[in-house]
Amino acid sequence: MAILIIFLVSQNPAEARVSFCAVGDILLDRGIRKKIKQNSIDYPFENVGEFINKFDLAFCNLECPISARGASTGKIYCFRADTNFFAGIKNAGFNIFSMANNHTIDWGRKACMDTREIIEKHNLYAVGAGKDQKEARKPVIIRMNGLKFALFAYVGLPLKGLIWPASKPGPAQASIDDIITEIKKIREQVDFVVVSFHWGIEYQHKPMANQVEWAHKVIDAGADLVIGHHPHVLQSIEVYKNRFILYSLGNFVFDQHKLYQRQTGIFSCIFKKGRIDSASFYPVLLENFRPGFVKDTAFKLIKEKIEKISDGYNTIFLNGNNKIFLTDSTLSLNFKNPIKYSNIGDNKISIYNNLIEITDTSGNIIDTVLIEQEKEIKDCCFIKDSTFLHLFAIIGTIEEIRGDYLIQYYITDKKIIEEWLEKDCDYNPWKIVTADIDGDSILEICLGVYKKTVFHSDYTNGLFIYDWDRYCIHPKWFGAEFPISLLDFEFYDVDKDGIADLITLETENDSTKKIMTYQWFGSGLWGYRKLAENLSENWLSNVNIESFFQKK
């Protein structure tokens, strides 16, 4: 056995964390245009920009195209923002922009596409509009801090009787069945699915029956968070199957004057591996068309309103420090979500931190296996065929970063069976993935470990690779001769030849960071290409790996 080690000061899946916030409608035209010209491009966000910038991901509904081109479609409300206004919303910290609304096309198709281009030119995310419906409906995939998100955005079908042509630029619009299909298609590939809807009736505080129906259906299909906008007022917040539905977040930057149109808020949460923590609502009031945080009477009035309109939607609101914590009857601020999904036939396999579950198409539980008391699944991976799957899981003590042992389950459409358990290990596993590193069409099991070696008396992170014979794993490669200080690793098929290369994020002697590629040659991994250097990132998920090979 060739022995090569990779020592890792790693980014652990158990530590993956993404802070997220969402707001409602942002308009940069009409009365706001006047305010910007009288003051500055940052004027609308001066009271909230510092707060928004604290989040890794910040979502808004962009209620107008941003362009210097196009012609007005002649609607009674027809909006367009100047291109230089975009700097203000970017400075405020927003990086996800829903274009799926009834104003995206106000100044024609060119202005619509200009808006998407401006957003993407700044390396930000535009979702819910495109050159045709196929592009508009595509999810935006975001990889950040060890987590992977799929974001969808749609205009309700129909909204004000509008249907956009399938072959022309415009906002995304789809039937609920098509949306469910798209969610199921991506569900196994990401950690979280977020769905945004532009829907409902303007100035109504309660959702329509079809909003509730659609929200429940997308969550049943695998969505983890539903964000609504369009009514220009706050609507109910619901907790449904451990997921939050924000039926409408109201206005955020808008030139409407009535109190109920100006009462709004910021939703926030923390996404972690297998759960959503600290879901909160920050009451906000618009003054002079721009948002600002409130306290005392104004805070109380908004809290009373959101509580009243959410009555009957399984949500409990708890006072915090200038914010409201969102929970349900359990009063927990930690909502468990599956770490991974899969399916066998029509039945769904859900892997949670504390259990494995098989459910049928109606949501009925067919079989459940609980994880050992005071333990949880830290990370896991599948090897799957058409009739069953094998689950490889790292089990560890709750609150600990690393795991204690490995376990393999054999899962059919009806039963979860423990195949083997390896408790007598001293390598503290923390990350597990599958990859075909040698091109034999059989997946290897690749394990991040933390242990002492013959070359290093201190505990150090390393990479072990195992062969799998359909029943058990066997050592293939344990490295020990060429130490490299590495923060993160993934496997990627660089040459599209069916062989996965190891991609590493490493620390140089001077503490700068680089990305390297390693290939399997006969009996070991050998470095052959430096992809990038002088980086500031700590996670490979924050780097667009594909871009390096597209330039090749």
# chains A, B, ... in the order shown; residues from 1 in each chain; ligands from 1

$ residues_around --residues "range 247-250 of chain A" --least-positions-apart "6" --cutoff "8 Å" --atoms "only C-alpha atoms" --output "ChimeraX atom specification"
/A:23-25,207,211,226-238,261,263-266

$ residues_around --residues "Ile52 in chain A" --least-positions-apart "4" --cutoff "7 Å" --atoms "only C-alpha atoms" --output "count of residues only"
4

$ closest_residue --among "A:Lys217, A:Lys37, A:His103, A:Lys184" --to "Cys64 in chain A" --atoms "only C-alpha atoms"
A:His103

$ atom_distance --atom1 "CA of Ile66 in chain A" --atom2 "CA of Leu246 in chain A"
26.1 Å

$ atom_distance --atom1 "CA of Thr327 in chain A" --atom2 "CA of Ser280 in chain A"
8.7 Å
